[in-house]
Amino acid sequence: MVKLYIGNTDNAWFDFLQSRHITDEVNFWQPSPKDFNVIGEGERFAFRLKSPRNKIGGFGTLTNSSALPIQTAWEAFGPKNGVASLEELVAAIAKYRTNERVTPWSFIVCRVLVDPIFLPEPLWFPVPAWSPSIVSGKSFAGDSEDGVALWSALEASADAVGRARGDGVFEDGPRFGQPTLIRPRLGQGAFRVAVTELYGRQCALTDGKVLPALDAAHIRPYAEGGSHTKSNGILLRKDIHSVFDAGYATIDETYRFVVSEKVRDVFNNGNEYRRLHGTRLRLEMAEAERPDKLALRWHNENRYLG
């Protein structure tokens with residue numbers, strides 16, 4: 001059964017993002033690194049604005065949650081973390097973790113929400129079945145009276161916002177009735193987090209597991225017709241990612257890493273990459289989430305230097 005979640009929401013976080021008209025993705029971060037598994041991918045996450053507002057002010061669709069260093073969260077989402085700088089993000093988290101020294105490499109949980117809606121104040125509405133003792137948030141079963149009422153209120157408010165903007169934001173999604181899963185449309189930051197988790201936080205070619213050294217690489221760049229989907233991504237060590245993007249290496253349709261002789265000819269070196277030639281990607285995910293062969297073919301034909 002589909003669930004919905006209402007999270008206690010910092011008013012400053014909400015106001016910052018609302019003022020910037022963010023509509024693609026946000027990081028609703030959790031200051032502690034404790035796992036968040038109350039709802040899953042495609043379920044609604046509503047913003048319960050803290051006192052003195054005490055109203056539902058908007059919502060988004062969860063793509064995933066992941067424990068990441070603050071630095072990585074900033075690199076992935078920037079101001080979509082709800083603050084203007086990395087220093088402000090560290091300071092915001094330090095307010096909740098007063099018994100330790102918080103640094104950019106301290107871990108937090110990133111709860112990645114796509115297609116966020118920040119409602120104007122006239123559309124804020126009361127929180128259902130809420131207790132002042134709730135610290136973080138509360139989930140609702142989709143088949144419960146409160147769950148159906150919450151779903152309907154969220155969809156009605158989003159519909160009003162979409163009509164006012166004239167952009168048909170929710171024309172392709174469910175409207176009213178029983179709650180259902182939504183297929184999230186990943187943004188750049190959500191893509192990075194999703195690919196990181198998909199590959200188990202390990203480089204697809206090496207045993208590297210140090211997160212600051214890893215990148216979520218697009219097979220076909222977004223700017224050249226690629227998508228922010230898991231099957232268009234591979235988690236690679238940053239230097240390998242750079243070599244891949246530059247065309248000195250590719251991945252063939254059997255998922256083997258292919259290194260061009262030009263890496264040696266041009267740079268008179270490249271042995272650390274040539275040693276990986278022929279290595280098969282570590283693929284432990286479902287078939288549908290493996291690197292897309294059409295995207296690999298595009299890279300072979302349009303980026304690889306041969």
# chains A, B, ... in the order shown; residues from 1 in each chain; ligands from 1
>>> residues_around(residues="Val259 in chain A", least_positions_apart="5", cutoff="9 Å", atoms="only C-alpha atoms", output="MDAnalysis selection string")
chainID A and resid 244 247:251 273:278 306
>>> write_last_selection(atoms="N, CA and C atoms", output="short mmCIF file (atom, residue, chain, number, x, y, z; two decimals), in the first residue's frame")
data_model
loop_
_atom_site.label_atom_id
_atom_site.label_comp_id
_atom_site.auth_asym_id
_atom_site.auth_seq_id
_atom_site.Cartn_x
_atom_site.Cartn_y
_atom_site.Cartn_z
N PHE A 244 36.96 9.00 -19.49
CA PHE A 244 35.78 8.53 -20.23
C PHE A 244 35.12 9.69 -20.97
N GLY A 247 36.93 10.92 -24.03
CA GLY A 247 36.93 10.03 -25.18
C GLY A 247 38.13 9.12 -25.28
N TYR A 248 38.98 9.12 -24.25
CA TYR A 248 40.14 8.23 -24.28
C TYR A 248 39.78 6.82 -23.80
N ALA A 249 38.55 6.64 -23.41
CA ALA A 249 38.05 5.32 -23.03
C ALA A 249 36.55 5.29 -23.29
N THR A 250 36.02 4.09 -23.44
CA THR A 250 34.59 3.91 -23.59
C THR A 250 34.22 2.58 -22.95
N ILE A 251 32.96 2.22 -23.05
CA ILE A 251 32.47 0.94 -22.56
C ILE A 251 31.69 0.32 -23.71
N TYR A 273 45.28 3.34 -16.69
CA TYR A 273 44.00 3.13 -17.37
C TYR A 273 44.09 1.95 -18.34
N ARG A 274 45.22 1.81 -18.98
CA ARG A 274 45.40 0.70 -19.92
C ARG A 274 45.36 -0.65 -19.19
N ARG A 275 45.75 -0.64 -17.91
CA ARG A 275 45.66 -1.89 -17.13
C ARG A 275 44.21 -2.32 -16.92
N LEU A 276 43.29 -1.37 -17.01
CA LEU A 276 41.87 -1.68 -16.83
C LEU A 276 41.21 -2.10 -18.14
N HIS A 277 41.93 -2.02 -19.24
CA HIS A 277 41.37 -2.38 -20.55
C HIS A 277 40.82 -3.81 -20.53
N GLY A 278 39.57 -3.95 -20.94
CA GLY A 278 38.94 -5.26 -20.97
C GLY A 278 38.21 -5.64 -19.69
N GLY A 306 38.89 6.21 -30.37
CA GLY A 306 39.33 5.05 -31.13
C GLY A 306 40.78 4.68 -30.91
#
>>> select_by_dssp(residues="range 8-245 of chain A", states="alpha helix (DSSP H)", output="PyMOL selection string")
chain A and resi 11-19+70-77+86-94+145-165+188-198+238-245
>>> residues_around(residues="range 121-127 of chain A", least_positions_apart="3", cutoff="6 Å", atoms="only C-alpha atoms", output="NGL selection string")
:A and (55-57)
>>> closest_residue(among="A:Ile219, A:Ala76, A:Ala92, A:Leu281", to="Val112 in chain A", atoms="only C-alpha atoms")
A:Ala76
>>> residues_around(residues="range 202-213 of chain A", least_positions_apart="4", cutoff="6 Å", atoms="only C-alpha atoms", output="PyMOL selection string")
chain A and resi 235-238+281-282
>>> residues_around(residues="Pro52 in chain A", least_positions_apart="2", cutoff="12 Å", atoms="only C-alpha atoms", output="PyMOL selection string")
chain A and resi 9-11+48-50+54-55
>>> residues_around(residues="Glu253 in chain A", least_positions_apart="2", cutoff="7 Å", atoms="only C-alpha atoms", output="PyMOL selection string")
chain A and resi 251+255+293+296
>>> write_last_selection(atoms="C-alpha atoms", output="compact mmCIF listing (two decimals), in the first residue's frame")
# COMPACT_ATOMS: atom_id res chain seq x y z
CA ILE A 251 32.47 0.94 -22.56
CA TYR A 255 30.00 -3.83 -20.63
CA LYS A 293 23.20 -0.14 -24.77
CA LEU A 296 26.86 3.07 -24.87
>>> select_by_dssp(residues="range 59-157 of chain A", states="strand (DSSP E or B)", output="number ranges by chain")
A: 59-69, 107-118, 125-126, 137-141
>>> residues_around(residues="Gly78 in chain A", least_positions_apart="6", cutoff="10 Å", atoms="only C-alpha atoms", output="number ranges by chain")
A: 26-27, 71-72, 84-86, 89, 189
>>> write_last_selection(atoms="N, CA and C atoms", output="PDB file, in the first residue's frame")
ATOM      1  N   VAL A  26      14.938  19.099  -4.742  1.00  0.00           N
ATOM      2  CA  VAL A  26      15.487  19.689  -3.520  1.00  0.00           C
ATOM      3  C   VAL A  26      16.014  18.563  -2.635  1.00  0.00           C
ATOM      4  N   ASN A  27      16.891  18.948  -1.720  1.00  0.00           N
ATOM      5  CA  ASN A  27      17.367  18.017  -0.711  1.00  0.00           C
ATOM      6  C   ASN A  27      16.729  18.378   0.622  1.00  0.00           C
ATOM      7  N   GLN A  71      29.631  17.801   2.235  1.00  0.00           N
ATOM      8  CA  GLN A  71      30.308  18.302   1.039  1.00  0.00           C
ATOM      9  C   GLN A  71      29.704  17.707  -0.232  1.00  0.00           C
ATOM     10  N   THR A  72      29.445  16.403  -0.213  1.00  0.00           N
ATOM     11  CA  THR A  72      28.863  15.739  -1.383  1.00  0.00           C
ATOM     12  C   THR A  72      27.445  16.241  -1.636  1.00  0.00           C
ATOM     13  N   ALA A  84      22.436  29.211   1.047  1.00  0.00           N
ATOM     14  CA  ALA A  84      23.164  29.866  -0.034  1.00  0.00           C
ATOM     15  C   ALA A  84      24.601  29.392  -0.197  1.00  0.00           C
ATOM     16  N   SER A  85      25.155  28.675   0.787  1.00  0.00           N
ATOM     17  CA  SER A  85      26.563  28.283   0.696  1.00  0.00           C
ATOM     18  C   SER A  85      26.822  27.016   1.504  1.00  0.00           C
ATOM     19  N   LEU A  86      27.940  26.385   1.205  1.00  0.00           N
ATOM     20  CA  LEU A  86      28.356  25.205   1.965  1.00  0.00           C
ATOM     21  C   LEU A  86      28.530  25.552   3.434  1.00  0.00           C
ATOM     22  N   LEU A  89      25.291  25.597   5.128  1.00  0.00           N
ATOM     23  CA  LEU A  89      24.745  24.249   5.300  1.00  0.00           C
ATOM     24  C   LEU A  89      25.387  23.564   6.502  1.00  0.00           C
ATOM     25  N   GLY A 189      21.067  16.428  -9.366  1.00  0.00           N
ATOM     26  CA  GLY A 189      21.454  15.970  -8.036  1.00  0.00           C
ATOM     27  C   GLY A 189      20.864  14.614  -7.704  1.00  0.00           C
TER      28      GLY A 189
END
>>> atom_distance(atom1="CA of Ala156 in chain A", atom2="CA of Ala46 in chain A")
13.5 Å
>>> atom_distance(atom1="CA of Asp146 in chain A", atom2="CA of Val2 in chain A")
13.0 Å
>>> atom_distance(atom1="CA of Arg192 in chain A", atom2="CA of Trp151 in chain A")
28.7 Å
>>> decode(residues="range 40-74 of chain A", atoms="C-alpha atoms", output="short mmCIF file (atom, residue, chain, number, x, y, z; two decimals), in the first residue's frame")
data_model
loop_
_atom_site.label_atom_id
_atom_site.label_comp_id
_atom_site.auth_asym_id
_atom_site.auth_seq_id
_atom_site.Cartn_x
_atom_site.Cartn_y
_atom_site.Cartn_z
CA GLY A 40 10.04 4.81 -0.63
CA GLU A 41 10.63 5.92 -4.18
CA GLY A 42 7.62 7.56 -5.79
CA GLU A 43 5.76 8.34 -2.56
CA ARG A 44 4.69 11.81 -1.46
CA PHE A 45 6.60 13.82 1.15
CA ALA A 46 4.67 16.82 2.51
CA PHE A 47 6.13 19.90 4.22
CA ARG A 48 4.64 20.67 7.62
CA LEU A 49 5.82 24.19 8.39
CA LYS A 50 6.93 24.66 11.96
CA SER A 51 5.41 27.01 14.52
CA PRO A 52 3.95 29.57 14.34
CA ARG A 53 2.68 28.48 10.92
CA ASN A 54 1.70 24.87 11.69
CA LYS A 55 0.35 24.27 8.19
CA ILE A 56 1.12 22.09 5.18
CA GLY A 57 3.03 24.35 2.82
CA GLY A 58 3.89 22.03 -0.04
CA PHE A 59 5.31 18.64 -0.97
CA GLY A 60 7.57 16.69 -3.30
CA THR A 61 8.04 13.13 -4.54
CA LEU A 62 10.77 11.05 -2.91
CA THR A 63 13.34 9.50 -5.23
CA ASN A 64 15.62 8.03 -2.58
CA SER A 65 17.40 8.72 0.68
CA SER A 66 21.12 8.34 1.16
CA ALA A 67 23.69 9.04 3.87
CA LEU A 68 26.29 11.32 2.30
CA PRO A 69 28.94 13.80 3.45
CA ILE A 70 27.71 17.38 3.67
CA GLN A 71 30.31 18.30 1.04
CA THR A 72 28.86 15.74 -1.38
CA ALA A 73 25.33 16.98 -0.70
CA TRP A 74 26.47 20.50 -1.52
#
